[in-house]
Structures are given as C-alpha cells and as structure tokens.
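One structure is given below, encoded as structure tokens.
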Amino acid sequence: MRTVDVSAVKKASRRSDSDLLAWWREARFGLFIHWGLYAIPAGVWRGKRVPYIGEWMMFREKIPVATYEKIAARFDPKRFDAKAWVKLAKDAGQRYLVITAKHHDGFAMYDSASNPYNVVQRTPFARDPMRALARECRKQGITFCFYYSQDLDWHHPDGAWNTWDYDEKKKDPDRYLREKVLPQLRELLTNYGPIGMIWFDTPITLSKTRSARIRRFVKKIQPQCLVSGRIGHGLGDYSLPRDNFLPPARLKGDWETCATLNHTWGFKKHDHAWKDPQTLITTLVDLASKGVNYLLNIGPDANGVVPAPSARALRAIGAWLKVNGAALYGSSPSPFPYEFPWGRITTKGRTLYFHFFQKPPRSFQLRGLKTAVKSVSALADGKTKFAFQESTDDATGTPVLTIDFKGFKVTRPVTVVAVTLKGDPAVVPGTLQQPDDSLTLIGPMARVGSDAKQPAMRMGGNGLTENWRHPEDWLEWTFTVLTPGTHEVTVVTTHQHLEPWSGGHTLRLTCGDQSLRRITKRERILPGLRSEYFPQIATRFGRMRFDRPGTYTLRLQATRLNLKKSGKTYYSDGGMQFCEIQLRPV
C-alpha cells in the first residue's frame, strides 16, 4: 500500500488553518458517494419497500448483527470502475470526492487490518475499492477524501445506537475508540496517500473530550487533512448544517451543504425522485453566493453502477460549469447578505457575477452597490457589453445601478453577467426595498433582543432562530423604503421534514404605530427546493402601509409560544424556528 510522503506532511504542518482551507474554498463543488452493504437490499427488506433512506435499514428494522453480516456474502460489484467514477466527478466539474470508508452499519469498505469486518475479508469481491479510487483521484486531479462514522456504529458492541443487540448500560465509548475508530483512522491516513478530509458524521453521543481526541489524532498523522464540522462540539475546520439544507442568507465562516440527487443517500431501487439539472445548478449558484460548498451525493448500486439519472444530471452541471465556472470556482459570497428575487451574486476580487435565474427586464436595477462600476459584460462570450448608469435615489440617498440589457442572450438555466468594479465591493448595510417594491426581512439581519436582561433565543449559524421559547425575546429589523405603498405581510417559519412543525404561536408585529397579531398556521407551503426538506410555512398577518420613503423599524415578538409543539428533538433544541418576514406590494 502507498504511504504518506513524510516531507509533505511536515511541510503541511507549518501551514495556517486558513491555508489548509484554500483548496476547499477554491473547489466549491464536490462528489459524495454512499456505497456499502445497504446497496444490496436496495431499500427492500423482507419483501417490503422501506420509506426511509436506504443506508439506515439496519437501524430502522433493528436487524441483528448476525443477520446483517450475512449480506456481505452477496457483495460482488463486478462492474465497479474506479476510473469511471472519478471521471464522472471530473466531467461534473467537481473538485473533490468523499466516499464512505465506514458508515453507521460498521462495515469497512476498504482493507482494514485492524478489524476483519471489511470488504476484503468478508465479501466475494475481496478487493479494496478505496485503493483504486485514491489512485484514480491522483491521476485525474481530484482531491480524495474519506467519510467515517465516528460515533454511530451498529456492529461494534460499544458503538452508539445498537440497543437491540447490546446492552446500552454496558457500552464503553473509550473502548470503541481504542479498538476500532483510532486504528481504522490510522489505516485511512497512512495507507492511501495524502487525504484531503475526513468527513465525520452524526456527533450524537461522543463527548467534547472524545471528539477533541479524534481531531488531534487525525492532525498528528496528516496535519493538512481537514476535519468536517460533524466531528462535533465546534471542533471542525468548517461547519455543516443539516442534510439537504439551503441557508436563507449569507453565512459567517466556512460552510458545506451535503445533498442528495433523489431522497436517499445509499442506493434504493424504487427512489426515482431525481432532481433536474436546472434545480441542481441553481442550488449550486445559491450556495456559492452564500459562501457554502456543495457536496452532491450519488449512491451506486450493488454492482458498482452509478444510476443513469445521477450521471446525466452531474454531466449537465459540468457542461454549465465549463462555460460559467469562472463565476463559481474560488468565488467569495455576495457582498449583499440577502437573496434577490431575480437570482444571486458571487464575488471574485473586484468582479461581481450576477447569476440570473430568468431573463431580466431591459432596464435592470440593483440598489445598494456603493462601489463605482467599470464595465458590464456577458460571461458566456466575454464580448457582449452592456451600457449602464449610476445614480442616487433622491429621497433616501441609496445608490442605484441601472443596466441596459439590450441584446441579452439567455443561456439556460442560469445566465451569468460579469460586473467589473473600480474598487473592492462595498454595499449599503441593512435591507433595501427591491425594484419590484418587495421587502424580505431575514433572521440573520435582525437584531436579537429581549425585554428580560438577556435573550435566551439566539440566531443559529445556519441562519435560523434557536431556542425561541420565551415571549420576552424579540427580533428587530431596520430597513429602507424607496417607494411608498401598502404591503401584504407574511411570516415564514420552518421545521425539519422528519419532525413535527412547531406551530400555533401567537406573534405580534409592530412598526411605528402599526401593529399586527396572528397565530402561526400552516396556511401554505412556499414553493422551491428549500421547502422540500425544510418546509417554508407561511402565515399571512395582514397589511402594513409605508407612507413615505425612508428608514423604518419593525419588531417581531411572541405573545404566546406553543411549547407543547416545540420540545427538544434530534434536530432542534426546541422553540419556534423562524425564517423570514415577506412584505409584498398590494
């Protein structure tokens, strides 16, 4: 087996943490691969289709270890082709690859000398697919990374969450780390060359001390290897929100969203709910505009074949990136902390890239850009130039950029325009009314306060409220109205789709002498991919009128919280999960 270049490790150990993340920030887009024994039942157990994600079958069906182990005797993926898998990632424009070395079922998909429960010793395949993938990634210029389930392990007696085979009271997490986790991590970090990242998962039961021990262990062997946010306790090199989560706004720090192409991670033969390329490309753009990497998953079948719809979708993304990749790779988030109704913005130095999700009007306006513009051109051909004008709104002093999009050519699904600035981008702080007269007040732009000494509620790093369980707490926004008028007001809350919605809260909105009060109800689910996994639940509150241009302040506060529906769960620490307030012109 190939060992780590010691000189490279010593050199990497002198790099700063920010240097270690440089390749990852440049990449922006990666391939996730969930492949293991669960690909054999493929979502069917004892003749019945299971409704949940495929790789959780052992846990959900409480399959005994002795029974589940027998599946390994059927694992013989004769069509596995490491070269083709890595080429698919390259064709898709993905810069790194993360594959499951050991998932929650405890089965090692590599040649583990420290534990015989692995693909070489227990299957007819009897080969190490990770060695072939590591070799191909080096050849094709893709950064190779491992997924490793450090906490959940339903095979080991001391691993978390197998309570049907093992007595919970007798579990010894330290013995599990000593016997399995650390020896296997050493193998992964010494036998496959330089590893870009260990993608840890589900930090549910391990203490901060144990998570810190795992992190130190990884960094001692390969200091340059990134540790994902799911090491737990804030010890990762970057942060990870929940699966399939699309943040509502630009996030602070470094983030990554892992997402599925259908609804499962491991292969399920009856899950054909494939996301279309247009949705995937707009999602990639949306995440990049907020400083978030996109780790998109495939689940090969038991023969080693990537489902054809997955391959087609990935290649479609790659075709778009060949034309527009300059606007994504190595990009920084938008200088504006909020979304736009027309699309998104990414940044590279003194260039802003406008990503249009539909054809813009001939006379297009962007409000709030303070830096002077040098030129505006189409990215696809680099030749088409657009005339523009810079002005200032008389009533509010807001800078307004107006672009004449005569000759604009749509390149579906997202058309990119490069706006070159005369200096570093600077924008007006706060929320501005958009040219369509709409206003959206998002959580991350609110001031968190309380009528008590200190608010118990906080704004989570993922852009949603956490622990909103006390009526004394409130959110407050300052925003600028350019065009007076009457607006329909809607409050949007959310929840993780696997858990019940926390509704029935009585909320009050106040803005000057105007006040609205309503109980949050599931009146409608807003459309869009974000609602697929975290439903955007809208409650209409009534109307507010703004009689003059200028600055306004709006406060959202609960008069009664329905805590019976907002208890602590696996995904939430309880309370109302607030997203945004929408103000739409009547």
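Residues in the structure tokens are named by chain (A, B, ... in the order shown) and by number from 1 within that chain; ligands are numbered from 1 in the order shown.
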Give me, as JSON lines, each residue of segment 482-577 of chain A that comes within 12 Å of segment 252-263 of chain A, together with its shortest interatomic pair and the distance in Å at one decimal, counting only C-alpha atoms, with rows ordered by chain and rising residue number.
{"residue": "A:His497", "atom": "CA", "partner": "A:His263", "partner_atom": "CA", "distance": 11.9}
{"residue": "A:Leu529", "atom": "CA", "partner": "A:Ala259", "partner_atom": "CA", "distance": 11.4}
{"residue": "A:Arg530", "atom": "CA", "partner": "A:Ala259", "partner_atom": "CA", "distance": 11.6}
{"residue": "A:Glu532", "atom": "CA", "partner": "A:His263", "partner_atom": "CA", "distance": 9.9}
{"residue": "A:Tyr533", "atom": "CA", "partner": "A:His263", "partner_atom": "CA", "distance": 9.5}
So that I have them on file, write out the residues from the current selection with N, CA and C atoms, as a short mmCIF file (atom, residue, chain, number, x, y, z; two decimals), in the first residue's frame.
data_model
loop_
_atom_site.label_atom_id
_atom_site.label_comp_id
_atom_site.auth_asym_id
_atom_site.auth_seq_id
_atom_site.Cartn_x
_atom_site.Cartn_y
_atom_site.Cartn_z
N HIS A 497 -38.07 18.22 7.98
CA HIS A 497 -39.22 17.48 7.44
C HIS A 497 -39.50 16.17 8.16
N LEU A 529 -37.04 24.47 -3.79
CA LEU A 529 -36.29 23.32 -3.26
C LEU A 529 -36.11 23.42 -1.76
N ARG A 530 -35.99 24.63 -1.23
CA ARG A 530 -35.80 24.77 0.21
C ARG A 530 -36.94 24.14 0.99
N GLU A 532 -38.58 21.52 0.22
CA GLU A 532 -38.67 20.06 0.08
C GLU A 532 -38.24 19.34 1.34
N TYR A 533 -37.22 19.85 2.01
CA TYR A 533 -36.71 19.20 3.22
C TYR A 533 -36.92 20.03 4.48
#
Point-to-point distance from atom CA of Pro337 of chain A to atom CA of Pro247 of chain A, Å rounded to tenths: 11.5 Å
Residue list (helix (DSSP H, G or I), DSSP) for segment 331-576 of chain A, as a ChimeraX atom specification: /A:443-445,530-533,563-565
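Taking only C-alpha atoms into account, Asp436 of chain A lies nearest to A:Pro585 out of the set A:Pro585, A:Gly36, A:Pro309, A:Pro51.
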Selected residue, from A:Leu328, A:Tyr38, A:Pro183, A:Tyr238, that lies nearest to Glu26 of chain A when counting only C-alpha atoms: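 Closest residue, counting only C-alpha atoms: A:Leu328.
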Neighbour list for Ala160 of chain A as a ChimeraX atom specification, cut-off 8 Å, only C-alpha atoms, skip fewer than 4 positions in-chain: /A:151-154,205
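The two atoms in question, atom CA of Glu499 of chain A and atom CA of Thr264 of chain A, are spaced 17.2 Å apart.
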Nearest to Gly463 of chain A, chosen from A:Gln94, A:Thr415, A:Gln577, A:Ser112, with only C-alpha atoms counted in the distances: A:Gln577
Non-local contacts of Arg584 of chain A (8 Å; only C-alpha atoms; under 4 positions in same chain excluded) as a ChimeraX atom specification: /A:437-439,487-489
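Within 9 Å of Arg518 of chain A, once only C-alpha atoms are used and residues closer than 6 positions along the same chain are dropped, the contacting residues are His505, Thr506, Leu507, Arg508, Leu509, Thr539, Arg540, Phe541 and Gly542 of chain A.
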Restrict the selected residues to N, CA and C atoms and save them as a PDB file, in the first residue's frame.
ATOM      1  N   HIS A 505     -48.147  29.451  17.462  1.00  0.00           N
ATOM      2  CA  HIS A 505     -47.601  30.534  18.271  1.00  0.00           C
ATOM      3  C   HIS A 505     -48.351  31.830  17.961  1.00  0.00           C
ATOM      4  N   THR A 506     -48.606  32.615  18.972  1.00  0.00           N
ATOM      5  CA  THR A 506     -49.221  33.931  18.776  1.00  0.00           C
ATOM      6  C   THR A 506     -48.115  34.973  18.690  1.00  0.00           C
ATOM      7  N   LEU A 507     -48.050  35.669  17.538  1.00  0.00           N
ATOM      8  CA  LEU A 507     -46.969  36.621  17.286  1.00  0.00           C
ATOM      9  C   LEU A 507     -47.535  38.011  17.033  1.00  0.00           C
ATOM     10  N   ARG A 508     -46.742  39.006  17.399  1.00  0.00           N
ATOM     11  CA  ARG A 508     -47.137  40.394  17.162  1.00  0.00           C
ATOM     12  C   ARG A 508     -46.036  41.097  16.382  1.00  0.00           C
ATOM     13  N   LEU A 509     -46.462  41.820  15.324  1.00  0.00           N
ATOM     14  CA  LEU A 509     -45.565  42.643  14.532  1.00  0.00           C
ATOM     15  C   LEU A 509     -45.890  44.107  14.804  1.00  0.00           C
ATOM     16  N   THR A 539     -47.647  32.185   7.035  1.00  0.00           N
ATOM     17  CA  THR A 539     -48.850  32.659   7.726  1.00  0.00           C
ATOM     18  C   THR A 539     -49.055  34.130   7.377  1.00  0.00           C
ATOM     19  N   ARG A 540     -50.199  34.466   6.801  1.00  0.00           N
ATOM     20  CA  ARG A 540     -50.491  35.856   6.454  1.00  0.00           C
ATOM     21  C   ARG A 540     -50.898  36.627   7.713  1.00  0.00           C
ATOM     22  N   PHE A 541     -50.298  37.804   7.872  1.00  0.00           N
ATOM     23  CA  PHE A 541     -50.557  38.599   9.069  1.00  0.00           C
ATOM     24  C   PHE A 541     -51.412  39.834   8.800  1.00  0.00           C
ATOM     25  N   GLY A 542     -51.612  40.181   7.544  1.00  0.00           N
ATOM     26  CA  GLY A 542     -52.380  41.383   7.227  1.00  0.00           C
ATOM     27  C   GLY A 542     -51.551  42.355   6.422  1.00  0.00           C
TER      28      GLY A 542
END
Polymer residues at most 7 Å from segment 543-552 of chain A, only C-alpha atoms, same-chain spacing of 3 or more positions, as a PyMOL selection string: chain A and resi 395-396+478-489
Those residues with N, CA and C atoms, as a short mmCIF file (atom, residue, chain, number, x, y, z; two decimals), in the first residue's frame please?
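Contents of out20.cif, freshly written:
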data_model
loop_
_atom_site.label_atom_id
_atom_site.label_comp_id
_atom_site.auth_asym_id
_atom_site.auth_seq_id
_atom_site.Cartn_x
_atom_site.Cartn_y
_atom_site.Cartn_z
N ALA A 395 -34.68 60.60 -2.44
CA ALA A 395 -35.31 60.63 -1.12
C ALA A 395 -34.47 59.96 -0.04
N THR A 396 -33.74 58.90 -0.40
CA THR A 396 -33.04 58.10 0.62
C THR A 396 -31.52 58.11 0.47
N THR A 478 -34.15 47.04 10.82
CA THR A 478 -34.20 48.37 10.25
C THR A 478 -34.06 48.23 8.74
N PHE A 479 -34.94 48.85 7.98
CA PHE A 479 -34.94 48.69 6.53
C PHE A 479 -35.31 50.01 5.86
N THR A 480 -35.01 50.08 4.56
CA THR A 480 -35.23 51.31 3.81
C THR A 480 -36.29 51.11 2.75
N VAL A 481 -37.30 51.98 2.78
CA VAL A 481 -38.36 52.01 1.77
C VAL A 481 -38.05 53.12 0.77
N LEU A 482 -38.04 52.80 -0.52
CA LEU A 482 -37.82 53.81 -1.56
C LEU A 482 -39.13 54.25 -2.20
N THR A 483 -40.08 53.29 -2.31
CA THR A 483 -41.36 53.58 -2.94
C THR A 483 -42.48 53.34 -1.92
N PRO A 484 -43.19 54.39 -1.48
CA PRO A 484 -44.28 54.20 -0.50
C PRO A 484 -45.39 53.33 -1.07
N GLY A 485 -46.14 52.70 -0.16
CA GLY A 485 -47.26 51.88 -0.59
C GLY A 485 -47.69 50.92 0.50
N THR A 486 -48.70 50.11 0.17
CA THR A 486 -49.24 49.12 1.09
C THR A 486 -48.68 47.75 0.76
N HIS A 487 -48.34 47.00 1.81
CA HIS A 487 -47.72 45.69 1.63
C HIS A 487 -48.48 44.61 2.39
N GLU A 488 -48.61 43.45 1.77
CA GLU A 488 -49.13 42.26 2.43
C GLU A 488 -47.99 41.63 3.22
N VAL A 489 -48.22 41.32 4.50
CA VAL A 489 -47.16 40.84 5.38
C VAL A 489 -47.35 39.35 5.66
#
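Using only C-alpha atoms, the smallest distance between any of A:Trp265, A:Ala378, A:Arg216, A:Thr440 and Phe340 of chain A comes from A:Thr440.
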DSSP strand (DSSP E) residues within segment 98-245 of chain A, listed as number ranges by chain: A: 98-102, 143-148, 197-200, 226-227
Based on the selection just made, write C-alpha atoms of those residues as a PDB file, in the first residue's frame.
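Saved the output as out_36.pdb:
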ATOM      1  CA  VAL A  98     -15.750  11.963  -0.411  1.00  0.00           C
ATOM      2  CA  ILE A  99     -16.607   8.256  -0.100  1.00  0.00           C
ATOM      3  CA  THR A 100     -17.922   6.153   2.784  1.00  0.00           C
ATOM      4  CA  ALA A 101     -14.996   4.223   4.244  1.00  0.00           C
ATOM      5  CA  LYS A 102     -17.269   3.114   7.117  1.00  0.00           C
ATOM      6  CA  THR A 143      -8.824  15.612  -4.047  1.00  0.00           C
ATOM      7  CA  PHE A 144      -9.541  12.273  -2.344  1.00  0.00           C
ATOM      8  CA  CYS A 145     -11.416  12.271   0.980  1.00  0.00           C
ATOM      9  CA  PHE A 146     -12.972   9.705   3.324  1.00  0.00           C
ATOM     10  CA  TYR A 147     -16.316   9.643   5.114  1.00  0.00           C
ATOM     11  CA  TYR A 148     -16.051   7.907   8.510  1.00  0.00           C
ATOM     12  CA  MET A 197     -10.528  15.475   4.509  1.00  0.00           C
ATOM     13  CA  ILE A 198     -12.039  13.049   6.971  1.00  0.00           C
ATOM     14  CA  TRP A 199     -15.773  13.691   6.731  1.00  0.00           C
ATOM     15  CA  PHE A 200     -17.036  12.738  10.173  1.00  0.00           C
ATOM     16  CA  LEU A 226      -9.416  18.767   7.017  1.00  0.00           C
ATOM     17  CA  VAL A 227     -11.846  17.632   9.708  1.00  0.00           C
TER      18      VAL A 227
END
Surrounding residues of Thr67 of chain A excluding itself and chain neighbours under 6 positions, 12 Å, only C-alpha atoms, as a list in words: Met58, Glu61, Ala73, His155 and Asp165 of chain A
Take the selection from the previous step and output its residues with N, CA and C atoms, as an mmCIF file, in the first residue's frame.
data_model
loop_
_atom_site.group_PDB
_atom_site.id
_atom_site.type_symbol
_atom_site.label_atom_id
_atom_site.label_comp_id
_atom_site.auth_asym_id
_atom_site.auth_seq_id
_atom_site.Cartn_x
_atom_site.Cartn_y
_atom_site.Cartn_z
ATOM 1 N N MET A 58 -30.499 -1.122 8.646
ATOM 2 C CA MET A 58 -30.151 -1.957 9.791
ATOM 3 C C MET A 58 -30.734 -1.379 11.077
ATOM 4 N N GLU A 61 -34.915 -1.223 10.934
ATOM 5 C CA GLU A 61 -35.554 -2.541 11.035
ATOM 6 C C GLU A 61 -35.027 -3.350 12.217
ATOM 7 N N ALA A 73 -21.806 -11.593 2.176
ATOM 8 C CA ALA A 73 -21.506 -12.732 1.301
ATOM 9 C C ALA A 73 -22.066 -12.544 -0.101
ATOM 10 N N HIS A 155 -22.512 -2.212 14.611
ATOM 11 C CA HIS A 155 -21.880 -3.527 14.614
ATOM 12 C C HIS A 155 -21.016 -3.735 15.852
ATOM 13 N N ASP A 165 -29.089 -5.433 20.061
ATOM 14 C CA ASP A 165 -28.088 -6.492 20.236
ATOM 15 C C ASP A 165 -27.279 -6.323 21.515
#
Once you count only C-alpha atoms, what closest atom pair and distance in Å to one decimal does each residue of segment 26-92 of chain A within 8 Å of segment 315-318 of chain A have, with rows by chain and rising residue number, as a tab-separated table?
residue	atom	partner	partner_atom	distance
A:Leu88	CA	A:Arg315	CA	7.3
A:Lys90	CA	A:Gly318	CA	8.0
A:Asp91	CA	A:Gly318	CA	5.5
A:Ala92	CA	A:Gly318	CA	3.7
